[in-house]
Each structure stands twice: as structure tokens, then as C-alpha cells.
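The structure file start.cif is reproduced below (mmCIF, C-alpha atoms).
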data_protein
#
loop_
_atom_site.label_atom_id
_atom_site.label_comp_id
_atom_site.auth_asym_id
_atom_site.auth_seq_id
_atom_site.Cartn_x
_atom_site.Cartn_y
_atom_site.Cartn_z
CA MET B 1 24.54 37.72 169.81
CA SER B 2 27.89 36.50 171.13
CA GLN B 3 29.09 32.95 170.62
CA THR B 4 29.11 32.41 174.40
CA THR B 5 25.41 33.27 174.62
CA GLU B 6 24.57 31.02 171.67
CA LEU B 7 26.38 28.05 173.23
CA ALA B 8 24.52 28.57 176.51
CA SER B 9 21.08 28.71 174.84
CA ALA B 10 18.99 25.54 174.71
CA GLN B 11 19.68 23.41 171.67
CA ALA B 12 17.53 20.88 169.83
CA ILE B 13 19.24 17.50 169.72
CA ASN B 14 17.84 14.97 167.26
CA ILE B 15 18.67 11.29 167.28
CA LEU B 16 17.69 9.05 164.38
CA ILE B 17 17.70 5.34 165.15
CA VAL B 18 17.91 2.91 162.23
CA ILE B 19 17.32 -0.77 163.02
CA ASP B 20 18.58 -3.69 160.90
CA THR B 21 15.37 -5.66 161.33
CA GLU B 22 16.63 -8.75 159.47
CA TYR B 23 19.40 -9.16 162.06
CA VAL B 24 16.96 -8.66 164.94
CA LYS B 25 14.44 -11.18 163.56
CA GLN B 26 17.13 -13.81 162.89
CA THR B 27 18.94 -13.34 166.20
CA TYR B 28 15.82 -12.93 168.38
CA PRO B 29 13.06 -14.89 166.59
CA ASN B 30 10.78 -15.27 169.65
CA PRO B 31 10.48 -11.78 171.14
CA SER B 32 8.13 -10.55 173.80
CA LYS B 33 4.69 -9.50 172.59
CA ASP B 34 4.24 -7.47 175.80
CA SER B 35 5.35 -3.84 175.38
CA THR B 36 5.98 -3.58 179.13
CA LYS B 37 8.42 -6.54 179.02
CA PRO B 38 10.46 -6.13 175.82
CA THR B 39 13.27 -8.52 174.84
CA GLY B 40 16.79 -7.25 175.48
CA ILE B 41 19.10 -7.36 172.46
CA ASN B 42 22.82 -6.95 171.79
CA HIS B 43 24.24 -3.84 170.14
CA SER B 44 24.78 -5.22 166.60
CA SER B 45 21.62 -4.06 164.79
CA GLN B 46 21.08 -0.45 165.89
CA PHE B 47 22.61 2.65 164.34
CA MET B 48 22.08 6.00 166.09
CA ILE B 49 22.88 9.25 164.34
CA CYS B 50 22.92 12.42 166.44
CA THR B 51 22.81 16.05 165.35
CA GLY B 52 22.65 19.21 167.44
CA SER B 53 24.39 17.76 170.51
CA ARG B 54 27.10 19.54 172.49
CA GLY B 55 29.47 16.91 171.13
CA ILE B 56 29.74 13.20 170.53
CA ILE B 57 31.66 11.42 173.27
CA SER B 58 31.65 8.14 171.35
CA GLY B 59 29.59 5.84 169.17
CA GLN B 60 28.15 8.07 166.41
CA GLY B 61 26.46 5.65 163.99
CA THR B 62 26.42 2.76 166.48
CA ALA B 63 24.11 1.32 169.15
CA ASP B 64 26.44 2.73 171.81
CA LEU B 65 25.99 6.44 171.18
CA ASN B 66 27.13 8.63 174.06
CA PHE B 67 26.46 12.32 173.42
CA LYS B 68 26.80 15.55 175.38
CA ALA B 69 23.93 17.87 176.26
CA ASN B 70 23.31 20.81 178.58
CA VAL B 71 20.55 21.24 181.11
CA GLY B 72 17.63 22.81 179.24
CA ASP B 73 18.43 21.22 175.85
CA TYR B 74 15.63 19.45 174.01
CA VAL B 75 16.17 15.85 172.86
CA ALA B 76 14.04 14.02 170.29
CA PHE B 77 14.39 10.35 169.36
CA THR B 78 12.85 8.90 166.22
CA GLY B 79 13.29 5.50 164.62
CA THR B 80 12.94 3.60 161.39
CA SER B 81 13.81 0.24 159.90
CA ILE B 82 16.54 -0.25 157.32
CA TYR B 83 13.57 -0.40 154.90
CA ASP B 84 12.43 3.13 155.85
CA ASN B 85 9.42 1.42 157.48
CA ALA B 86 8.09 0.29 154.07
CA ASP B 87 8.47 -3.49 154.65
CA ASP B 88 9.54 -4.10 158.23
CA ALA B 89 8.69 -1.10 160.39
CA VAL B 90 10.05 0.19 163.71
CA ILE B 91 8.32 2.40 166.24
CA VAL B 92 10.42 3.77 169.12
CA TYR B 93 7.93 3.85 171.99
CA GLY B 94 9.99 4.39 175.12
CA ILE B 95 13.14 6.00 176.50
CA ASN B 96 13.54 4.99 180.15
CA TYR B 97 16.16 5.56 182.84
CA TRP B 98 17.95 2.49 184.23
CA SER B 99 21.14 3.68 185.99
CA GLY B 100 23.40 6.62 186.77
CA THR B 101 22.05 10.13 187.24
CA LYS B 102 18.51 10.71 185.95
CA VAL B 103 19.16 13.56 183.48
CA PHE B 104 16.03 13.47 181.29
CA ASN B 105 12.52 14.60 182.14
CA ALA B 106 9.82 12.13 181.08
CA PHE B 107 9.72 11.50 177.33
CA VAL B 108 6.45 12.26 175.59
CA PRO B 109 5.31 11.29 172.09
CA ASP B 110 5.16 14.17 169.64
CA MET B 111 3.53 14.22 166.20
CA VAL B 112 4.13 16.71 163.40
CA THR B 113 2.07 16.69 160.21
CA ARG B 114 3.42 18.42 157.12
CA THR B 115 0.66 19.12 154.59
CA LYS B 116 3.09 19.58 151.70
CA ALA B 117 5.91 17.14 152.50
CA VAL B 118 7.82 15.84 149.51
CA MET B 119 8.03 12.30 148.20
CA PRO B 120 9.44 10.97 144.93
CA ASP B 121 7.04 11.12 141.98
CA PRO B 122 6.58 7.51 140.77
CA ASN B 123 5.62 8.82 137.31
CA THR B 124 9.07 10.27 136.57
CA ALA B 125 12.32 8.40 135.95
CA ALA B 126 14.21 9.85 138.92
CA GLY B 127 11.24 10.84 141.10
CA ILE B 128 12.02 14.53 140.52
CA PRO B 129 10.29 16.90 140.71
CA PRO B 130 8.69 15.42 143.81
CA LEU B 131 5.04 15.19 144.73
CA GLN B 132 3.78 17.10 147.75
CA THR B 133 1.53 15.19 150.10
CA LYS B 134 0.35 15.11 153.71
CA ILE B 135 2.74 13.06 155.89
CA SER B 136 2.94 12.69 159.67
CA PHE B 137 6.22 12.30 161.57
CA SER B 138 6.59 11.09 165.16
CA SER B 139 9.27 11.37 167.84
CA LEU B 140 9.77 10.93 171.57
CA ASP B 141 10.76 14.26 173.12
CA SER B 142 12.19 15.42 176.43
CA LYS B 143 14.00 18.32 178.02
CA VAL B 144 17.30 17.70 179.80
CA ALA B 145 16.63 18.29 183.52
CA SER B 146 19.98 17.86 185.29
CA ALA B 147 23.70 17.21 184.92
CA GLY B 148 25.24 13.76 185.09
CA THR B 149 25.56 10.56 183.10
CA GLU B 150 22.44 8.51 182.47
CA ASN B 151 22.26 5.00 181.11
CA PHE B 152 18.84 4.49 179.57
CA TYR B 153 16.80 1.94 177.67
CA VAL B 154 15.44 2.52 174.18
CA TYR B 155 12.27 0.48 173.57
CA PHE B 156 11.00 -0.27 170.06
CA GLY B 157 8.32 -2.34 168.40
CA LEU B 158 9.19 -4.28 165.25
CA TYR B 159 6.44 -4.88 162.70
CA THR B 160 6.69 -7.14 159.64
CA LEU B 161 4.86 -7.04 156.35
CA ALA B 162 2.07 -9.62 156.17
CA ALA B 163 1.48 -11.98 153.24
CA ASP B 164 -1.11 -9.57 151.78
CA GLY B 165 1.74 -7.13 151.05
CA GLU B 166 -0.22 -4.31 152.71
CA THR B 167 -0.56 -4.99 156.44
CA GLN B 168 2.25 -4.59 158.96
CA GLN B 169 1.87 -6.86 161.98
CA LEU B 170 3.64 -6.92 165.33
CA PHE B 171 6.70 -9.18 165.38
CA GLY B 172 7.78 -8.19 168.88
CA TYR B 173 9.11 -5.63 171.36
CA TYR B 174 12.81 -5.05 172.05
CA TYR B 175 15.22 -2.79 173.98
CA TRP B 176 18.90 -1.88 174.45
CA ASP B 177 20.92 0.61 176.52
CA PRO B 178 22.85 3.72 175.30
CA THR B 179 24.19 6.63 177.43
CA VAL B 180 23.95 10.44 177.67
CA THR B 181 26.34 12.79 179.48
CA VAL B 182 25.14 16.21 180.67
CA GLY B 183 27.37 18.75 182.31
#
Full structure transcribed into C-alpha cells:
Amino acid sequence: MSQTTELASAQAINILIVIDTEYVKQTYPNPSKDSTKPTGINHSSQFMICTGSRGIISGQGTADLNFKANVGDYVAFTGTSIYDNADDAVIVYGINYWSGTKVFNAFVPDMVTRTKAVMPDPNTAAGIPPLQTKISFSSLDSKVASAGTENFYVYFGLYTLAADGETQQLFGYYYWDPTVTVG
């Protein structure tokens, strides 16, 4: 297959969002508890890492990621807390258009369950060799529908660890606004 054909084929673009939940909780201690009316936040606590895009325009590793995509590419967003969701947890629950050209189709939740995913073995010094266990992974997925530049909102829920050390409870809902360029 020629390189030209490969570049024209649809690509899978994955975006990992890591949230510094301590910053969010300290800076926005009274967030909305209504998922349809999340609290807007500044761009100091979010870190987006993109792979598979047609190029990074700017902001790799920041809250202001602007990446390139082609019509027909698949985009998946997933999120976690700086604690890997073990203490505070983050669930990205919405990617919504707010200005510019609407380039994404509707985002839908997607779940993948690996029956033999690896995790460190707590009974060995370094966790290696790992244990294999059933783990589910979630993302919000869409297909790029048209060319242009879209400014969009990323919505996430922040959950904190309760005093029992087992239960994660809603702290609040938040959002901010990155950009994608297609064309």
C-alpha cells in the first residue's frame, strides 16, 4: 500500500485526559452537582495527551490541545485523575460543540472489557510478573464528520474517596474548552 493511501485512510485518534483533582477541588470547592450544568474551570489542571492525530497544532500535554484530524477519522476521549482513579476519580461524560464549525458527529460512550488485562502483582517486590484479571475500560467515541475548526467542551465528573476508604462519592461536575482542526 502506498504512503499516500495510508495517510488518506481513517485513523484512530486517542486522547487521554489527566486531571489534577487537588487543584480542581481547591480552586473550585463548590461545584455544580447537576451534570447538565457543570462548573466552568480554567486551564491549569488538565493535561491532554494525543496519539494518532494528523499532527499537533499546539498544546500537547496541556488543557489547550489543538490537534489535526481528517474527515472519517475516529476520535476517542478517556480520562483519569492524577491518582489513576484510585483515590479521586474522574469520568469524562461529555464532549459537546460550542463554537466554530461542527466537525464531530455525536460522541457515544464505549466500553471494552479485557478478560486478561495485566495489573501489578502485590505479592512480588516489583509487581512483575503481573497478574491477569478482568478489567473494563471506557471512552467517548466519535467519527469526524466535516472539515473546519471546532471549539468544544469537555465535561467530567470528579469523585472523591469517602472516609470508609472504599467508596468514591460525587464531588462535582466541571468543564473546559479545547479545539480541533479538520481539513
Inset, instruction - Could you check which of B:Thr160, B:Thr113, B:Thr181, B:Ser142 is closest to Ser81 (chain B), using only C-alpha atoms? - result: B:Thr160
Inset, instruction - Might you pull out every residue within 9 Å of Asp34 (chain B), with all atoms listed in the file counted and same-chain residues fewer than 3 positions away left off, and present them as a list in words? - result: Pro31, Lys37, Pro38, Gly172 and Tyr173 of chain B
Using the chain letters and numbers from this file, what does the PyMOL selection byres ((chain B and resi 151) around 9) select? Give the answer as an mmCIF file with C-alpha atoms, in the frame of the given file.
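Output contents, as saved in out.cif:
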data_model
loop_
_atom_site.group_PDB
_atom_site.id
_atom_site.type_symbol
_atom_site.label_atom_id
_atom_site.label_comp_id
_atom_site.auth_asym_id
_atom_site.auth_seq_id
_atom_site.Cartn_x
_atom_site.Cartn_y
_atom_site.Cartn_z
ATOM 1 C CA ASN B 96 13.540 4.990 180.150
ATOM 2 C CA TYR B 97 16.160 5.560 182.840
ATOM 3 C CA TRP B 98 17.950 2.490 184.230
ATOM 4 C CA SER B 99 21.140 3.680 185.990
ATOM 5 C CA GLY B 100 23.400 6.620 186.770
ATOM 6 C CA THR B 101 22.050 10.130 187.240
ATOM 7 C CA LYS B 102 18.510 10.710 185.950
ATOM 8 C CA THR B 149 25.560 10.560 183.100
ATOM 9 C CA GLU B 150 22.440 8.510 182.470
ATOM 10 C CA PHE B 152 18.840 4.490 179.570
ATOM 11 C CA TYR B 153 16.800 1.940 177.670
ATOM 12 C CA ASP B 177 20.920 0.610 176.520
ATOM 13 C CA PRO B 178 22.850 3.720 175.300
ATOM 14 C CA THR B 179 24.190 6.630 177.430
ATOM 15 C CA VAL B 180 23.950 10.440 177.670
ATOM 16 C CA THR B 181 26.340 12.790 179.480
#
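For the set B:Pro120, B:Val112, B:Thr167, B:Ser44, the residue with the smallest atom-to-atom gap to Glu22 (chain B) is B:Ser44, counting all atoms listed in the file.
Shortest atom-to-atom contact with Ile57 (chain B) among B:Ala12, B:Ala76, B:Ala163, B:Val182: B:Val182, counting all atoms listed in the file.
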Legend entry - Test item: residues at most 8 Å from Val18 (chain B), all atoms listed in the file, excluding those fewer than 3 positions along its chain, as a ChimeraX atom specification: /B:46-48,79-82
Inset, instruction - Given the file shown, enumerate the residues that the PyMOL selection byres ((chain B and resi 105) around 6) captures and present them as a ChimeraX atom specification. - result: /B:104,106,142-143,145
Write out the residues from the selection above, keeping C-alpha atoms, as an mmCIF file, keeping the file's coordinate frame.
data_model
loop_
_atom_site.group_PDB
_atom_site.id
_atom_site.type_symbol
_atom_site.label_atom_id
_atom_site.label_comp_id
_atom_site.auth_asym_id
_atom_site.auth_seq_id
_atom_site.Cartn_x
_atom_site.Cartn_y
_atom_site.Cartn_z
ATOM 1 C CA PHE B 104 16.030 13.470 181.290
ATOM 2 C CA ALA B 106 9.820 12.130 181.080
ATOM 3 C CA SER B 142 12.190 15.420 176.430
ATOM 4 C CA LYS B 143 14.000 18.320 178.020
ATOM 5 C CA ALA B 145 16.630 18.290 183.520
#
Inset, instruction - Tell me which residues the PyMOL selection byres ((chain B and resi 42) around 10) grabs here, as a PyMOL selection string. - result: chain B and resi 24+27-28+40-41+43-46+63+175-177
Inset, instruction - Work out how far apart CA of Lys68 (chain B) and CA of Tyr174 (chain B) are and give it in Å to one decimal. - result: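 Distance between the two atoms: 25.1 Å.
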Inset, instruction - To one decimal in Å, tell me the separation between CA of Leu65 (chain B) and CA of Ser138 (chain B). - result: 20.8 Å
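Going from CA of Thr78 (chain B) over to CA of Gly148 (chain B), you cover 23.1 Å.
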Legend entry - Nearest to Thr39 (chain B) by atom-to-atom distance, counting only C-alpha atoms, from B:Gly165, B:Gly72, B:Gly157, B:Pro109: B:Gly157
Inset, instruction - Quick one: everything within 12 Å of Leu170 (chain B), counting only C-alpha atoms, minus sequence neighbours fewer than 4 positions away in the same chain. Send it as a ChimeraX atom specification. - result: /B:25,30-35,88-91,156-162,174
Residues from the last selection, C-alpha atoms, saved as a PDB file, in the frame of the given file:
ATOM      1  CA  LYS B  25      14.440 -11.180 163.560  1.00  0.00           C
ATOM      2  CA  ASN B  30      10.780 -15.270 169.650  1.00  0.00           C
ATOM      3  CA  PRO B  31      10.480 -11.780 171.140  1.00  0.00           C
ATOM      4  CA  SER B  32       8.130 -10.550 173.800  1.00  0.00           C
ATOM      5  CA  LYS B  33       4.690  -9.500 172.590  1.00  0.00           C
ATOM      6  CA  ASP B  34       4.240  -7.470 175.800  1.00  0.00           C
ATOM      7  CA  SER B  35       5.350  -3.840 175.380  1.00  0.00           C
ATOM      8  CA  ASP B  88       9.540  -4.100 158.230  1.00  0.00           C
ATOM      9  CA  ALA B  89       8.690  -1.100 160.390  1.00  0.00           C
ATOM     10  CA  VAL B  90      10.050   0.190 163.710  1.00  0.00           C
ATOM     11  CA  ILE B  91       8.320   2.400 166.240  1.00  0.00           C
ATOM     12  CA  PHE B 156      11.000  -0.270 170.060  1.00  0.00           C
ATOM     13  CA  GLY B 157       8.320  -2.340 168.400  1.00  0.00           C
ATOM     14  CA  LEU B 158       9.190  -4.280 165.250  1.00  0.00           C
ATOM     15  CA  TYR B 159       6.440  -4.880 162.700  1.00  0.00           C
ATOM     16  CA  THR B 160       6.690  -7.140 159.640  1.00  0.00           C
ATOM     17  CA  LEU B 161       4.860  -7.040 156.350  1.00  0.00           C
ATOM     18  CA  ALA B 162       2.070  -9.620 156.170  1.00  0.00           C
ATOM     19  CA  TYR B 174      12.810  -5.050 172.050  1.00  0.00           C
TER      20      TYR B 174
END
Inset, instruction - Find, counting all atoms listed in the file, the residue in B:Thr21, B:Gln168, B:Asn66, B:Ser146 that gets nearest to Tyr83 (chain B). - result: B:Thr21
